[in-house]
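Colleague: Take a look at the following structure, please.
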Amino acid sequence: MSSPLHELVTALAAPWVVLSPRSGQLTGSGAEGVYARDRRILSHLSVTVDGREPIPVHVDERDAATHQYVAMVEGLGDTRHDPTVMLYRTRTVDSEGLTERITLVNRSRSAIEGRLDVALGTDLAGTAAVRSGAATGLPQLAPLPDGPGRTRWESDDTRVVVTADPGVSATPRVEPGEEFTITVRVTADFPKSNTGFSIEPPAERTPYDVTVRCDDKRVERWLDRSLEDVRALQLAADDDRYLGAGPPWYLTLFGRDSLISSGMLIPVDPTLAAGTLRALAARQGTKVDAGSAEQPGKIPHELRAEVADHGGGLVLPAVYYGTHDATQLWIMTLHKAWRWGMPADEVRDLLPNLKRALTWMKEYADPDDDGFLEYVDESGHGLANQGWKDSNDAVQWPDGTLATVPIALCEVQGYAYAAAVKGAELLDAHGESGDEWRTWATALQERFREEFWVDGYPAIALDGAKNPVAGRASNMGHLLGTGLLDADEEQTVADVLAGEDLNSGFGLRTLSTAMTRFNPLGYHTGSVWPHDTAMTVQGLFASGQADVASSYVEGLVRAAEAFDYRLPELYGGRGTGVESTPTPYPLSCRPQAWAAASAVAVLVAAFGIEPDVPGGTLAINPADSLPWQVLELDGLRVGGEKLSLRFENGSVVVVEGPENAVISANADSPR
């Protein structure tokens with residue numbers, strides 16, 4: 001029986017990743033394997049000694065890319081209770097492949113002699129086929145002779161080469177206190193993409209010197225591990241870095257995921273957002289194509305080198321545009337990057353893309369011209385829901401009835417309002433009028449107030465008949481901080497979010513426990529997603545709802561501790577009332593980009609850092625209350641300069657900041 005994805009150990013240096021059980025053995029079961037560029041490069045990589053598998057003892061995850069698997073070997077060595085013959089497998093992935101050092105160590109009193117065998121195999125299955133189960137039972141490819149110590153496999157222009165030194169089999173004599181090692185190296189050559197896009201490693205992985213000091217040491221461990229994972233998730237399109245969403249299924253460029261992640265990380269890695277913006281702008285839609293959901297000005301949903309058949313009729317083109325929020329998020333991320341100090345010429349170069357993105361909202365995103373942005377899958381083989389909650393049952397009524405299309409999500413309207421206002425500001429700053437978009441945003445705000453409120457909160461969406469879909473869900477949390485709601489409305493939403501039906505104690509449930517089809521392990525119908533919680537926390541802090549925000553931050557810290565400080569893509573929403581640690585979601589990616597970025601997002605939001613580098617100001621608006629007595633962030637970047645802040649005894653001190661900044665709010669000047 002294969003292990004669920006959440007139980008597998010992940011070694012990562014994008015685009016290469018290894019998923020294995022804690023034994024380190026890859027047996028071809030389930031999702032186990034070595035992956036790169038949407039392909040399972042190896043499905044088998046197992047070790048035996050005298051025909052027996054070593055007994056797993058320990059996994060030492062030294063960093064995101066290097067793990068050591070420790071096992072004891074039976075049948076060799078001294079016949080006493082202490083293990084005297086051990087096998088150590090040191091596995092390291094890098095941007096070009098995998099290296100594994102398999103070392104037999106003799107701590108017994110006499111020499112040992114045993115046959116050490118390394119078994120290798122591959123089906124070269126696509127990640128979509130592995131995820132859907134279509135790869136189950138695929139035959140192993142026949143190895144091809146490739147010289148001493150070398151083995152290769154070839155299929156569909158993909159070639160895998162394994163070298164083993166001194167070979168994949170050996171019968172060494174190992175004296176007491178000595179050891180014997182076989183070193184295995186795995187590399188691959190891939191076919192040229194027919195879309196012009198390929199999943200490539202960055203020229204270099206940007207290191208992070210950002211540190212946090214907190215009286216709750218869990219916060220420090222959470223940030224450290226999150227930044228380590230962010231570094232491992234980096235990929236590049238040409239020279240532009242972005243984050244792959246999550247291994248192994250989503251390790252490529254996504255519109256929504258990569259924008260949200262890079263936007264959260266602007267304070268620690270501003271060039272990541274700039275690269276993501278450029279990579280997506282280069283692939284902005286230019287024509288109307290129902291099959292790929294492309295439209296002029298639209299930012300793509302995901303890019304791959306080939307068509308991805310996910311099973312069940314979901315077949316996505318290599319370049320797929322089926323997202324109704326990535327375009328607005330692109331505008332919002334550009335505005336944030338500009339305010340944090342993205343170089344003026346780089347911002348200016350993207351103004352044509354900005355104008356095309358704004359035009360998409362008006363001319364294409366509202367097909368029935370009712371003033372709201374709504375979607376419907378016209379292809380018949382794409383995503384039925386095109387917000388971040390993109391599963392088929394993500395939008396439902398309290399009795400479980402699925403909403404009919406076209407669907408206008410509440411958070412999509414919030415993003416659109418923010419994109420119009422922020423886009424107008426960018427246009428004004430560059431000598432063009434943004435009045436048209438401010439007027440458009442005001443009209444959207446008025447319509448939203450009239451149509452979306454139901455039972456005292458914003459509806460999840462409007463359905464195809466323009467009925468507000470009732471039921472409390474996390475969607476409304478994304479409205480906070482967009483400007484779409486006024487102060488009283490934000491207070492109302494914060495009060496709803498504070499309820500125990502949504503606050504699990506480990507984060508924000510995607511769907512209220514009061515809903516008929518609430519499922520704590522439903523992908524978007526009751527589970528908790530860290531990024532969903534973090535985006536809501538950002539809005540809560542921005543709207544002055546510090547107590548509710550802090551409650552959710554505490555929940556994320558509890559969850560981070562439970563998952564060894566590597567938050568997964570999502571986890572169960574049963575809550576602290578019935579479990580001491582959150583139930584893992586069996587198919588959750590871990591690490592995952594926006595889950596890792598969430599650690600930075602909530603800490604920056606707690607300090608209320610609002611720079612305006614073009615305007616020469618830096619506002620620090622710390623929350624009225626935080627879950628900690630001491631919190632210090634060191635090494636943030638604003639306009640190329642360092643920013644370090646310390647919260648202690650209820651006030652914030654700017655330890656180091658930009659020289660020309662105007663420090664405002666409840667903060668002291670740099671010392």
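In the structure tokens, chains take letters A, B, ... by order of appearance, with residues numbered from 1 within each chain and ligands from 1 in the order shown.
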Using only C-alpha atoms, which protein or nucleic acid residues come within 7 Å of Pro317 in chain A? Drop anything in the same chain fewer than 2 positions from it, and give the result as a list in words.
Modeller: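 Here the qualifying residues turn out to be Ser292, Val307, Ala308, Val315, Val319 and Tyr320 of chain A.
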Colleague: Store the residues of this selection in a file with N, CA and C atoms, as a tab-separated table (two decimals), in the first residue's frame.
Modeller:
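That gives us result-v3.tsv:
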```
chain	number	residue	atom	x	y	z
A	292	SER	N	-8.32	27.36	-24.67
A	292	SER	CA	-7.32	27.64	-23.64
A	292	SER	C	-7.78	28.72	-22.67
A	307	VAL	N	0.51	19.34	-22.87
A	307	VAL	CA	-0.85	19.21	-22.36
A	307	VAL	C	-0.86	18.33	-21.12
A	308	ALA	N	-1.68	18.70	-20.13
A	308	ALA	CA	-1.79	17.94	-18.89
A	308	ALA	C	-3.18	17.34	-18.78
A	315	VAL	N	-8.67	18.35	-18.95
A	315	VAL	CA	-7.50	18.35	-19.82
A	315	VAL	C	-7.11	19.80	-20.07
A	319	VAL	N	-0.46	25.94	-22.26
A	319	VAL	CA	-0.60	27.32	-21.79
A	319	VAL	C	-2.09	27.55	-21.57
A	320	TYR	N	-2.48	27.65	-20.30
A	320	TYR	CA	-3.90	27.68	-19.94
A	320	TYR	C	-4.22	28.96	-19.19
```
Colleague: Taking the DSSP secondary structure from the backbone, can you list the residues of range 56-145 of chain A that are strand (DSSP E), as a VMD selection string?
Modeller: chain A and resid 56 to 61 66 to 72 85 to 94 97 to 106 112 to 113 116 to 121 144 to 145
Colleague: Keeping only N, CA and C atoms, write the selected residues as a short mmCIF file (atom, residue, chain, number, x, y, z; two decimals), in the first residue's frame.
Modeller:
```cif
data_model
loop_
_atom_site.label_atom_id
_atom_site.label_comp_id
_atom_site.auth_asym_id
_atom_site.auth_seq_id
_atom_site.Cartn_x
_atom_site.Cartn_y
_atom_site.Cartn_z
N PRO A 56 14.66 0.87 8.61
CA PRO A 56 14.77 2.33 8.80
C PRO A 56 14.84 2.71 10.28
N VAL A 57 15.68 3.69 10.58
CA VAL A 57 15.85 4.16 11.95
C VAL A 57 15.56 5.66 12.06
N HIS A 58 16.04 6.44 11.08
CA HIS A 58 16.00 7.90 11.26
C HIS A 58 16.11 8.59 9.91
N VAL A 59 15.47 9.78 9.81
CA VAL A 59 15.67 10.67 8.66
C VAL A 59 16.16 12.01 9.20
N ASP A 60 17.30 12.43 8.72
CA ASP A 60 17.86 13.73 9.11
C ASP A 60 17.70 14.68 7.93
N GLU A 61 16.70 15.59 8.02
CA GLU A 61 16.46 16.56 6.96
C GLU A 61 17.36 17.77 7.22
N THR A 66 18.95 18.41 1.08
CA THR A 66 19.84 17.34 1.54
C THR A 66 19.23 16.60 2.72
N HIS A 67 19.06 15.30 2.55
CA HIS A 67 18.54 14.46 3.61
C HIS A 67 19.47 13.25 3.79
N GLN A 68 19.51 12.74 5.02
CA GLN A 68 20.22 11.48 5.25
C GLN A 68 19.26 10.47 5.87
N TYR A 69 19.22 9.29 5.26
CA TYR A 69 18.38 8.20 5.74
C TYR A 69 19.29 7.19 6.45
N VAL A 70 18.95 6.87 7.68
CA VAL A 70 19.77 5.98 8.50
C VAL A 70 19.00 4.68 8.71
N ALA A 71 19.68 3.55 8.48
CA ALA A 71 19.04 2.25 8.66
C ALA A 71 20.06 1.27 9.23
N MET A 72 19.54 0.26 9.93
CA MET A 72 20.45 -0.77 10.44
C MET A 72 20.31 -2.03 9.59
N VAL A 85 26.13 -2.71 12.27
CA VAL A 85 26.30 -2.46 10.84
C VAL A 85 25.15 -1.56 10.39
N MET A 86 25.52 -0.40 9.87
CA MET A 86 24.52 0.61 9.51
C MET A 86 24.65 0.98 8.03
N LEU A 87 23.54 1.44 7.47
CA LEU A 87 23.53 1.95 6.11
C LEU A 87 23.08 3.41 6.15
N TYR A 88 23.89 4.28 5.58
CA TYR A 88 23.58 5.72 5.52
C TYR A 88 23.41 6.12 4.06
N ARG A 89 22.27 6.73 3.74
CA ARG A 89 22.01 7.21 2.39
C ARG A 89 21.90 8.74 2.45
N THR A 90 22.89 9.41 1.93
CA THR A 90 22.87 10.87 1.91
C THR A 90 22.41 11.32 0.53
N ARG A 91 21.21 11.89 0.51
CA ARG A 91 20.54 12.26 -0.74
C ARG A 91 20.57 13.77 -0.90
N THR A 92 21.09 14.23 -2.04
CA THR A 92 21.14 15.66 -2.32
C THR A 92 20.61 15.93 -3.72
N VAL A 93 19.63 16.82 -3.82
CA VAL A 93 19.16 17.25 -5.14
C VAL A 93 19.71 18.64 -5.41
N ASP A 94 19.99 18.90 -6.67
CA ASP A 94 20.42 20.23 -7.09
C ASP A 94 19.66 20.59 -8.36
N GLY A 97 20.04 17.62 -11.05
CA GLY A 97 19.82 16.21 -10.82
C GLY A 97 19.94 15.80 -9.36
N LEU A 98 20.20 14.53 -9.16
CA LEU A 98 20.24 13.91 -7.83
C LEU A 98 21.56 13.19 -7.64
N THR A 99 22.13 13.36 -6.45
CA THR A 99 23.31 12.57 -6.05
C THR A 99 22.97 11.84 -4.77
N GLU A 100 23.25 10.55 -4.74
CA GLU A 100 23.00 9.77 -3.53
C GLU A 100 24.24 8.95 -3.18
N ARG A 101 24.74 9.16 -1.96
CA ARG A 101 25.88 8.40 -1.45
C ARG A 101 25.35 7.34 -0.51
N ILE A 102 25.56 6.08 -0.85
CA ILE A 102 25.05 4.94 -0.09
C ILE A 102 26.24 4.30 0.60
N THR A 103 26.28 4.41 1.92
CA THR A 103 27.48 4.03 2.68
C THR A 103 27.16 2.93 3.69
N LEU A 104 27.87 1.82 3.58
CA LEU A 104 27.78 0.71 4.52
C LEU A 104 28.89 0.89 5.56
N VAL A 105 28.51 0.98 6.83
CA VAL A 105 29.47 1.26 7.91
C VAL A 105 29.51 0.06 8.86
N ASN A 106 30.73 -0.39 9.15
CA ASN A 106 30.94 -1.54 10.05
C ASN A 106 31.46 -1.06 11.40
N ILE A 112 33.23 -7.67 7.87
CA ILE A 112 31.97 -8.17 7.31
C ILE A 112 32.10 -8.22 5.79
N GLU A 113 31.29 -9.06 5.19
CA GLU A 113 31.23 -9.13 3.74
C GLU A 113 29.78 -9.34 3.35
N LEU A 116 25.91 -5.57 -1.71
CA LEU A 116 25.18 -4.32 -1.71
C LEU A 116 24.63 -4.09 -3.12
N ASP A 117 23.29 -4.02 -3.24
CA ASP A 117 22.65 -3.86 -4.55
C ASP A 117 21.80 -2.60 -4.56
N VAL A 118 21.89 -1.85 -5.66
CA VAL A 118 21.06 -0.68 -5.89
C VAL A 118 20.16 -0.98 -7.09
N ALA A 119 18.85 -1.03 -6.86
CA ALA A 119 17.90 -1.33 -7.93
C ALA A 119 17.29 -0.03 -8.45
N LEU A 120 17.31 0.14 -9.78
CA LEU A 120 16.84 1.37 -10.41
C LEU A 120 15.82 1.05 -11.48
N GLY A 121 14.86 1.95 -11.66
CA GLY A 121 13.87 1.76 -12.72
C GLY A 121 13.05 3.01 -12.92
N LEU A 144 18.99 0.65 -21.10
CA LEU A 144 19.85 0.52 -22.27
C LEU A 144 21.31 0.52 -21.83
N PRO A 145 22.13 -0.33 -22.41
CA PRO A 145 23.55 -0.34 -22.03
C PRO A 145 24.19 0.99 -22.38
#
```
Colleague: Show me a table, sorted first by chain and then by increasing residue number, of the residues of range 129-219 of chain A having an atom at most 12 Å from range 648-651 of chain A, each with its shortest atom pair and the distance in Å to one decimal, counting only C-alpha atoms and written as CSV.
Modeller:
```
residue,atom,partner,partner_atom,distance
A:Arg213,CA,A:Glu648,CA,11.1
A:Cys214,CA,A:Glu648,CA,9.8
A:Asp215,CA,A:Glu648,CA,10.0
```
Colleague: Which residues come within 9 Å of Gly371 in chain A, counting only C-alpha atoms, excluding same-chain residues fewer than 3 positions away, as a PDB file with C-alpha atoms, in the first residue's frame?
Modeller:
```
ATOM      1  CA  LYS A 362     -13.909  45.766 -18.458  1.00  0.00           C
ATOM      2  CA  ASP A 366     -17.796  40.654 -17.537  1.00  0.00           C
ATOM      3  CA  ASP A 368     -22.976  39.612 -19.644  1.00  0.00           C
ATOM      4  CA  ALA A 443     -19.515  51.879  -9.605  1.00  0.00           C
ATOM      5  CA  LEU A 444     -18.392  48.315  -8.800  1.00  0.00           C
ATOM      6  CA  ARG A 447     -23.201  47.459  -7.113  1.00  0.00           C
TER       7      ARG A 447
END
```
Colleague: Go through A:Arg173, A:Asp229, A:Ala619, A:Pro248 and flag the residue nearest Glu32 in chain A, using only C-alpha atoms for the distances.
Modeller: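 Of all the options, A:Pro248 lies closest to Glu32 in chain A.
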Colleague: Need the shell around Gln538 in chain A: protein/DNA/RNA residues with any atom at most 9 Å away, counting only C-alpha atoms. Skip same-chain ones fewer than 4 positions apart. Format as number ranges by chain?
Modeller: A: 478, 480-481, 533-534, 542-543, 549, 601-602, 604-606, 608
Colleague: If you keep N, CA and C atoms, can you produce a file of those selected residues as a JSON list (two decimals), in the first residue's frame?
Modeller:
```json
[["chain", "number", "residue", "atom", "x", "y", "z"],
["A", 478, "HIS", "N", -10.90, 37.73, 2.02],
["A", 478, "HIS", "CA", -10.05, 38.34, 0.99],
["A", 478, "HIS", "C", -10.51, 39.73, 0.62],
["A", 480, "LEU", "N", -11.11, 42.09, 2.81],
["A", 480, "LEU", "CA", -10.52, 43.03, 3.76],
["A", 480, "LEU", "C", -9.22, 43.59, 3.20],
["A", 481, "GLY", "N", -9.08, 44.89, 3.28],
["A", 481, "GLY", "CA", -7.87, 45.53, 2.79],
["A", 481, "GLY", "C", -7.88, 45.87, 1.32],
["A", 533, "THR", "N", -5.64, 31.80, 5.08],
["A", 533, "THR", "CA", -5.61, 32.41, 6.41],
["A", 533, "THR", "C", -4.71, 33.64, 6.42],
["A", 534, "ALA", "N", -3.53, 33.54, 5.81],
["A", 534, "ALA", "CA", -2.58, 34.65, 5.83],
["A", 534, "ALA", "C", -3.11, 35.86, 5.08],
["A", 542, "ALA", "N", -4.74, 45.21, 8.41],
["A", 542, "ALA", "CA", -4.87, 46.47, 7.67],
["A", 542, "ALA", "C", -6.13, 47.23, 8.05],
["A", 543, "SER", "N", -7.19, 46.52, 8.43],
["A", 543, "SER", "CA", -8.44, 47.17, 8.79],
["A", 543, "SER", "C", -8.59, 47.40, 10.29],
["A", 549, "ALA", "N", -7.11, 39.08, 13.98],
["A", 549, "ALA", "CA", -5.91, 38.73, 13.21],
["A", 549, "ALA", "C", -4.93, 37.92, 14.05],
["A", 601, "ALA", "N", 4.30, 36.99, 5.28],
["A", 601, "ALA", "CA", 3.13, 37.85, 5.11],
["A", 601, "ALA", "C", 2.54, 38.29, 6.45],
["A", 602, "VAL", "N", 2.37, 37.35, 7.39],
["A", 602, "VAL", "CA", 1.70, 37.71, 8.63],
["A", 602, "VAL", "C", 2.61, 38.54, 9.54],
["A", 604, "VAL", "N", 5.02, 40.73, 8.52],
["A", 604, "VAL", "CA", 5.06, 42.08, 7.96],
["A", 604, "VAL", "C", 3.74, 42.80, 8.23],
["A", 605, "ALA", "N", 2.63, 42.06, 8.08],
["A", 605, "ALA", "CA", 1.31, 42.67, 8.32],
["A", 605, "ALA", "C", 1.15, 43.10, 9.77],
["A", 606, "ALA", "N", 1.74, 42.35, 10.71],
["A", 606, "ALA", "CA", 1.64, 42.71, 12.12],
["A", 606, "ALA", "C", 2.31, 44.05, 12.40],
["A", 608, "GLY", "N", 2.50, 46.40, 10.14],
["A", 608, "GLY", "CA", 1.82, 47.44, 9.37],
["A", 608, "GLY", "C", 2.77, 48.27, 8.52]]
```
Colleague: I'd like the neighbourhood of range 148-158 of chain A as a ChimeraX atom specification, where a residue qualifies if any of its atoms comes within 8 Å (using only C-alpha atoms), though same-chain residues fewer than 4 positions away should be ignored.
Modeller: /A:122,124,141-144,162-168,188-191
